[in-house]
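Note sheet for the following structure.
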Amino acid sequence: MPPAKTRSSKRTPGGTSCSSTGTTVVFISLCALGVWMLSSNDLIPTQTTTTTTSSPILSEDSDETKKPSSFFEDNPGHLPEDAVKTGDVVSNQQQQLPDIGLDKSIEDQKNALADNLKNSGNMESMLGNVKEVEGDENGETQQQQLEKTNQEEETTSVQDDVVAKSDAKEMKAAKAKERKQKQEQAIEKEETFINDNQEIINDQTSAKQPQKKDVEEIITQLEDEQQQSSSQPEKQEQKKQTTEDDIIGTITSDQTERGGSDDPPMNNNDELQTSETESTIKKEEEEDKEPKKKRNSNKQSKSPSSSIDGGSKKQWKTQTEQSVTQKVREEIKNIEKTDGSITEQWKLCNTTANSDYIPCLDNEAALKKLRSRGHYEHRERHCPEEGPTCLVPLPEGYKVPVTWPKSRDKIWYHNVPHTKLAEVKGHQNWVKVSGEYLTFPGGGTQFIHGALHYIDFIEEAVPEISWGKHTRVVLDVGCGVASFGGFLFERDVVAMSFAPKDEHEAQVQFALERGIPAISAVMGTLRLPFPSRVFDLVHCARCRVPWHIEGGALLLELNRVLRPGGYFVWSATPVYQTLEEDVEIWREMSKLTAAMCWKLVTIKKDKLNSVGAAVYHKPTTNECYDQRKENEPPLCKTEDDPNAAWYVPLHSCMHRIPEDEAERGSRWPESWPRRLQTPPFWLIKNQKGIYGKTAPEDFARDNEYWKQVVGETYLNGQGISWANVRNVMDMRATYGGFAAALKDLKIWVMNVVNTDAPDTLSIIYERGLFGIYHDWCESFSTYPRSYDLVHADRLFSSLRKRCDLTPVVVEIDRIVRPGGKLIVRDDALSLKEVEKLLDSLHWKVKTTPEGALYAQKTAWRPDPLV
């Protein structure tokens, strides 16, 4: 050992002797450590790969922004770039070790090493000074050294793959030799430092133990070995698991950012979070093409430290988060297990309704259990307990529907092959058979010479109706083939037409095939699926509804949905004929409407059609109600919610007119088309909207958002030929922004507000649009092949919490025409499940990076049952 250099005259006399003694102790300790490491090499499995990046060890009360405790951090456990290492293959010796024995060996070694640390004393401080001096001499900061270490680890990881098949014994020898060289270099550095820094040594006279960093290095190595042995069988699943984690993380963060809401932000900066979830799988595929070094670096930079020291910023997960995450993982695995074999499971529905099957209206088992049919209970909804998963067959000879506006006048006979209406109502110009077409002369029972003449006749009778300006949204009761609603489009009016599925055969199906809005419904024992006070006008032409019986329950239901100040147009034989039955009905209707405070505005005769119409006006105040001598029909109780309509029984009562000027129904909406873009006056600023802003702000943001999506995406590209689109459905409408953005196209949109979503349907009507309440865990009340395009914005991620998605996708397959389109915007998990189902149904499917799915239905049907 060379004598220590004298650097100061103030040094203590015993300095040289201490230096020599300290050096000897260090040398002996390091030699002992090296021998122990070599002898224990056979007991510890060879470290194959580095799975994590070591971070600086910080004091317990520090964080990442503080300077870490300084000590020697040379890492003898990492090999130089040209060293020979094993790859990702576990040695034979390691494979033969039982897991329990391996864990015990590692644990015992950890305990032994931990005991050696107890007497380290001030060695850490001295070694910290060594690191500071060495760092200054090399011109490297601790951060630079850390980055250098990370780079070495990344390079090592790449080399691991290249030499994956190297012999394990040669690897052990090479590693042992390399470690010995590292130890010798460490000893030389220690001796050099001691000679150059004798003053520091004099202040550190405590007994010296093996370097703490070396001990920590060994412990880290043992932990890596244990982790390596347990993670090796899962390497083949690494890509799949990463994809699952990305999806789960995106879903979780999306839910967190929305605060549990299912609805998206409505501006450019707050684009749909589903765009990120859609791209997660694509990102993983791109990462596969990158060098492994870069991919590992990305993972290390993204993964927060899992330790609990001051440098960790990762928060503890809640049990709810962990449970939800695990549930999503299981769902992804279940979807991944689903393959093309599902195609063999599809079968055609075996029902008497055949190609006209409506599950909730043709439930024969439920209809047989009905105790009465006197109130048309058999025409109401009776849905199966589980949504059907069979497919409705196509009519023989089905063709692509005639496009609008030609379809208003004629349709293919084979698409709706029913002739009974033509036989019964042919002389009234409802429908006629003309070769391979069914034609519609534009007439009806009350307007044989054309619907447009009849529509103008009504406006002449009451000019205040003002079609397309004051009156925009109409309810057509007992619509027949809906010619009245079909020609109202020329007056900028939309009509919700409905009729029961009865012996008249497919009158609503005729309407839908023609491109006219209609649903299958009946006025029986339940309320209609609409909010209160939303229709500007209610129309009933020659409808044989017994309005006057049972306290006027059915007419009182029309009163519920009619807007204060709205009109009821009754065009029926009691208005203009003098038969005994008609006279009696007129007398009873006059009493009932007077008691309801409906004012008879006029009775107008149409000489061309030899018919007449009575027009009634609903009051705008409660003055008449309060002045009645008898409370009959009674006013509804205050706890009776007029907007409750989903499977709610009819109540033979009247709701009071809103008197507060800020309440919906207290005044008429803006004239069309201003009402489409104007927030309703009753959306007040202190009311919170769906997306968290004030209600008026929410309305405006939703409006602008869908203008952008429709204008920049749906109308430009994506393979949608809008010239072939007429009947459109928004399966999860909120404020009606999607429908409003399509205003200038020759289409109509059925806005569906889900029964488990915030009730915004009245806002949609206030805008001059229409819609309906519905629960998509059940079948919709329409005929098969009704719609050209169906839009589902975040519907499936909401539904999957309550019901299976398979019947929902089958229902979409039922109501969409062959060649029709489906647009889905949702999270990646829901899109993946929907895509698999559509693929199995032979739909043409494509997804986009924006988080959207576009699909087109084909004419495929499974083989019919033998």
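As shown in the structure tokens, the chain order sets the letters A, B, ...; within each chain, residues go from 1, and ligands are also counted from 1 in the order they appear.
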All residues 10 Å or closer to A:Thr525, only C-alpha atoms, same chain fewer than 6 positions away omitted, as an MDAnalysis selection string: chainID A and resid 374:377 380 553:554 647:651
Separation of atom CA of A:Ser666 from atom CA of A:Val561, in Å and rounded to one decimal: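 Atom-to-atom, atom CA of A:Ser666 to atom CA of A:Val561, that is 14.3 Å.
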Atom CA of A:Leu475 to atom CA of A:Ala792, distance in Å rounded to a single decimal: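 Between atom CA of A:Leu475 and atom CA of A:Ala792 the gap is 25.2 Å.
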Backbone-only DSSP, helix (DSSP H, G or I) members of stretch 457-601 of chain A, as number ranges by chain: A: 457-461, 463-465, 483-491, 507-514, 550-561, 573-576, 580-595
Hey, can you spit out that residue selection with C-alpha atoms as an mmCIF file, in the first residue's frame?
data_model
loop_
_atom_site.group_PDB
_atom_site.id
_atom_site.type_symbol
_atom_site.label_atom_id
_atom_site.label_comp_id
_atom_site.auth_asym_id
_atom_site.auth_seq_id
_atom_site.Cartn_x
_atom_site.Cartn_y
_atom_site.Cartn_z
ATOM 1 C CA PHE A 457 -108.297 23.274 -46.080
ATOM 2 C CA ILE A 458 -107.421 22.985 -42.362
ATOM 3 C CA GLU A 459 -105.202 26.058 -42.461
ATOM 4 C CA GLU A 460 -107.947 28.037 -44.196
ATOM 5 C CA ALA A 461 -110.355 27.032 -41.448
ATOM 6 C CA PRO A 463 -105.246 30.553 -40.151
ATOM 7 C CA GLU A 464 -103.549 30.727 -36.725
ATOM 8 C CA ILE A 465 -102.397 27.139 -37.301
ATOM 9 C CA SER A 483 -100.413 10.171 -46.371
ATOM 10 C CA PHE A 484 -101.360 13.156 -44.190
ATOM 11 C CA GLY A 485 -97.911 13.122 -42.558
ATOM 12 C CA GLY A 486 -96.187 12.363 -45.865
ATOM 13 C CA PHE A 487 -97.486 15.543 -47.517
ATOM 14 C CA LEU A 488 -97.018 17.741 -44.447
ATOM 15 C CA PHE A 489 -93.272 17.707 -45.248
ATOM 16 C CA GLU A 490 -94.062 20.107 -48.092
ATOM 17 C CA ARG A 491 -95.324 22.542 -45.449
ATOM 18 C CA GLN A 507 -100.518 0.205 -42.421
ATOM 19 C CA VAL A 508 -97.561 1.513 -40.379
ATOM 20 C CA GLN A 509 -95.218 -0.658 -42.432
ATOM 21 C CA PHE A 510 -96.589 0.954 -45.581
ATOM 22 C CA ALA A 511 -95.837 4.374 -44.079
ATOM 23 C CA LEU A 512 -92.235 3.482 -43.190
ATOM 24 C CA GLU A 513 -91.579 1.854 -46.560
ATOM 25 C CA ARG A 514 -92.803 5.086 -48.162
ATOM 26 C CA GLU A 550 -115.039 5.937 -19.665
ATOM 27 C CA GLY A 551 -114.829 9.552 -18.606
ATOM 28 C CA GLY A 552 -112.975 10.538 -21.740
ATOM 29 C CA ALA A 553 -109.761 8.754 -20.634
ATOM 30 C CA LEU A 554 -108.331 8.581 -24.171
ATOM 31 C CA LEU A 555 -109.108 12.201 -25.015
ATOM 32 C CA LEU A 556 -107.584 13.244 -21.696
ATOM 33 C CA GLU A 557 -104.394 11.490 -22.782
ATOM 34 C CA LEU A 558 -104.329 13.661 -25.899
ATOM 35 C CA ASN A 559 -104.849 16.650 -23.618
ATOM 36 C CA ARG A 560 -101.710 15.609 -21.679
ATOM 37 C CA VAL A 561 -99.450 15.611 -24.749
ATOM 38 C CA THR A 573 -118.395 11.453 -39.444
ATOM 39 C CA PRO A 574 -119.954 12.749 -36.161
ATOM 40 C CA VAL A 575 -118.823 16.238 -37.230
ATOM 41 C CA TYR A 576 -120.752 16.316 -40.531
ATOM 42 C CA GLU A 580 -128.204 8.456 -35.020
ATOM 43 C CA GLU A 581 -124.916 7.005 -33.835
ATOM 44 C CA ASP A 582 -122.970 10.002 -35.120
ATOM 45 C CA VAL A 583 -125.376 12.473 -33.482
ATOM 46 C CA GLU A 584 -125.026 10.686 -30.125
ATOM 47 C CA ILE A 585 -121.221 10.686 -30.339
ATOM 48 C CA TRP A 586 -121.206 14.383 -31.238
ATOM 49 C CA ARG A 587 -123.415 15.200 -28.249
ATOM 50 C CA GLU A 588 -121.115 13.325 -25.841
ATOM 51 C CA MET A 589 -117.993 14.811 -27.376
ATOM 52 C CA SER A 590 -119.402 18.322 -27.037
ATOM 53 C CA LYS A 591 -120.021 17.803 -23.299
ATOM 54 C CA LEU A 592 -116.594 16.302 -22.740
ATOM 55 C CA THR A 593 -114.607 18.946 -24.619
ATOM 56 C CA ALA A 594 -116.517 21.749 -22.845
ATOM 57 C CA ALA A 595 -115.758 20.180 -19.451
#
Shell around A:Ala495 at 12 Å using only C-alpha atoms, local window under 3 positions removed, as a PyMOL selection string: chain A and resi 467-468+471-477+479+482-492+498+511+516-519+535-540+748-750+765+768-771
Strand (DSSP E or B) per DSSP on the backbone: members of stretch 341-492 of chain A, as JSON, numbers by chain: {"A": [348, 391, 410, 411, 412, 432, 433, 434, 437, 438, 439, 467, 471, 473, 474, 475, 476, 477]}
How would the residues just picked look written out with N, CA, C and O atoms as a tab-separated table (two decimals), in the first residue's frame?
chain	number	residue	atom	x	y	z
A	348	LEU	N	-83.13	-18.33	-38.07
A	348	LEU	CA	-84.27	-17.50	-38.40
A	348	LEU	C	-85.36	-17.64	-37.34
A	348	LEU	O	-85.53	-18.71	-36.74
A	391	LEU	N	-83.09	-14.16	-36.13
A	391	LEU	CA	-83.08	-13.16	-37.20
A	391	LEU	C	-84.36	-13.24	-38.02
A	391	LEU	O	-84.83	-14.33	-38.35
A	410	LYS	N	-95.09	5.37	-54.58
A	410	LYS	CA	-95.09	3.94	-54.91
A	410	LYS	C	-93.95	3.22	-54.19
A	410	LYS	O	-92.89	3.80	-53.91
A	411	ILE	N	-94.19	1.95	-53.90
A	411	ILE	CA	-93.18	1.08	-53.29
A	411	ILE	C	-93.24	-0.28	-53.96
A	411	ILE	O	-94.22	-0.60	-54.66
A	412	TRP	N	-92.20	-1.10	-53.76
A	412	TRP	CA	-92.20	-2.45	-54.32
A	412	TRP	C	-93.22	-3.32	-53.58
A	412	TRP	O	-93.25	-3.37	-52.36
A	432	LYS	N	-103.22	1.06	-53.84
A	432	LYS	CA	-103.68	0.24	-54.97
A	432	LYS	C	-102.52	-0.64	-55.45
A	432	LYS	O	-101.35	-0.28	-55.29
A	433	VAL	N	-102.86	-1.76	-56.05
A	433	VAL	CA	-101.85	-2.65	-56.62
A	433	VAL	C	-101.70	-2.30	-58.09
A	433	VAL	O	-102.68	-2.31	-58.85
A	434	SER	N	-100.48	-1.97	-58.50
A	434	SER	CA	-100.19	-1.59	-59.90
A	434	SER	C	-98.99	-2.37	-60.37
A	434	SER	O	-97.83	-1.92	-60.24
A	437	TYR	N	-95.73	-2.81	-58.24
A	437	TYR	CA	-95.73	-1.74	-57.26
A	437	TYR	C	-97.05	-1.70	-56.47
A	437	TYR	O	-98.09	-2.16	-56.94
A	438	LEU	N	-96.96	-1.12	-55.29
A	438	LEU	CA	-98.13	-0.64	-54.56
A	438	LEU	C	-98.10	0.88	-54.67
A	438	LEU	O	-97.09	1.51	-54.35
A	439	THR	N	-99.18	1.47	-55.15
A	439	THR	CA	-99.20	2.93	-55.36
A	439	THR	C	-100.12	3.61	-54.35
A	439	THR	O	-101.08	3.02	-53.84
A	467	TRP	N	-99.12	26.43	-40.85
A	467	TRP	CA	-98.21	25.29	-41.04
A	467	TRP	C	-96.76	25.74	-41.27
A	467	TRP	O	-96.49	26.65	-42.02
A	471	THR	N	-97.10	26.14	-36.31
A	471	THR	CA	-97.28	24.70	-36.09
A	471	THR	C	-96.19	23.93	-36.81
A	471	THR	O	-96.06	24.00	-38.03
A	473	VAL	N	-94.77	20.55	-35.06
A	473	VAL	CA	-94.76	19.14	-34.66
A	473	VAL	C	-96.20	18.67	-34.44
A	473	VAL	O	-96.93	19.24	-33.64
A	474	VAL	N	-96.58	17.60	-35.16
A	474	VAL	CA	-97.96	17.13	-35.17
A	474	VAL	C	-98.00	15.66	-34.75
A	474	VAL	O	-97.10	14.87	-35.10
A	475	LEU	N	-99.05	15.29	-34.02
A	475	LEU	CA	-99.33	13.88	-33.70
A	475	LEU	C	-100.53	13.45	-34.52
A	475	LEU	O	-101.62	14.01	-34.40
A	476	ASP	N	-100.33	12.42	-35.37
A	476	ASP	CA	-101.40	11.92	-36.24
A	476	ASP	C	-101.89	10.59	-35.68
A	476	ASP	O	-101.17	9.58	-35.71
A	477	VAL	N	-103.12	10.58	-35.13
A	477	VAL	CA	-103.67	9.41	-34.45
A	477	VAL	C	-104.44	8.56	-35.46
A	477	VAL	O	-105.27	9.06	-36.22
One-decimal distance in Å that lies between atom CA of A:Gly719 and atom CA of A:Val834: 19.5 Å
Surrounding residues of A:Ile684 excluding itself and chain neighbours under 6 positions, 8 Å, only C-alpha atoms, as a ChimeraX atom specification: /A:662,694-696
Counting only C-alpha atoms, the residue of A:Val808, A:Leu742, A:Val462, A:Ala499 that sits nearest A:Tyr567: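 Among the listed residues, A:Val462 lies closest to A:Tyr567.
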Shell around A:Asn631 at 12 Å using only C-alpha atoms, local window under 5 positions removed, as a PyMOL selection string: chain A and resi 595-597+624-626+636+652-654
From A:Lys746, A:Lys347, A:Arg542, A:Arg527, residue lying nearest A:Trp404 [only C-alpha atoms]: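 Nearest candidate to A:Trp404 out of A:Lys746, A:Lys347, A:Arg542, A:Arg527: A:Lys746.
Proximity of A:Asp702, A:Glu386, A:Asp409, A:Asp502 to A:Asp362, computed with only C-alpha atoms, is greatest for A:Asp502.
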All residues 12 Å or closer to A:Asp606, only C-alpha atoms, same chain fewer than 2 positions away omitted, as a VMD selection string: chain A and resid 446 to 449 453 to 458 460 to 461 571 575 to 576 603 to 604 608 to 614
Nearest residue to A:Glu659 from the set A:Glu505, A:Glu623, A:Asp839, A:Glu766 (distances using only C-alpha atoms): A:Glu623
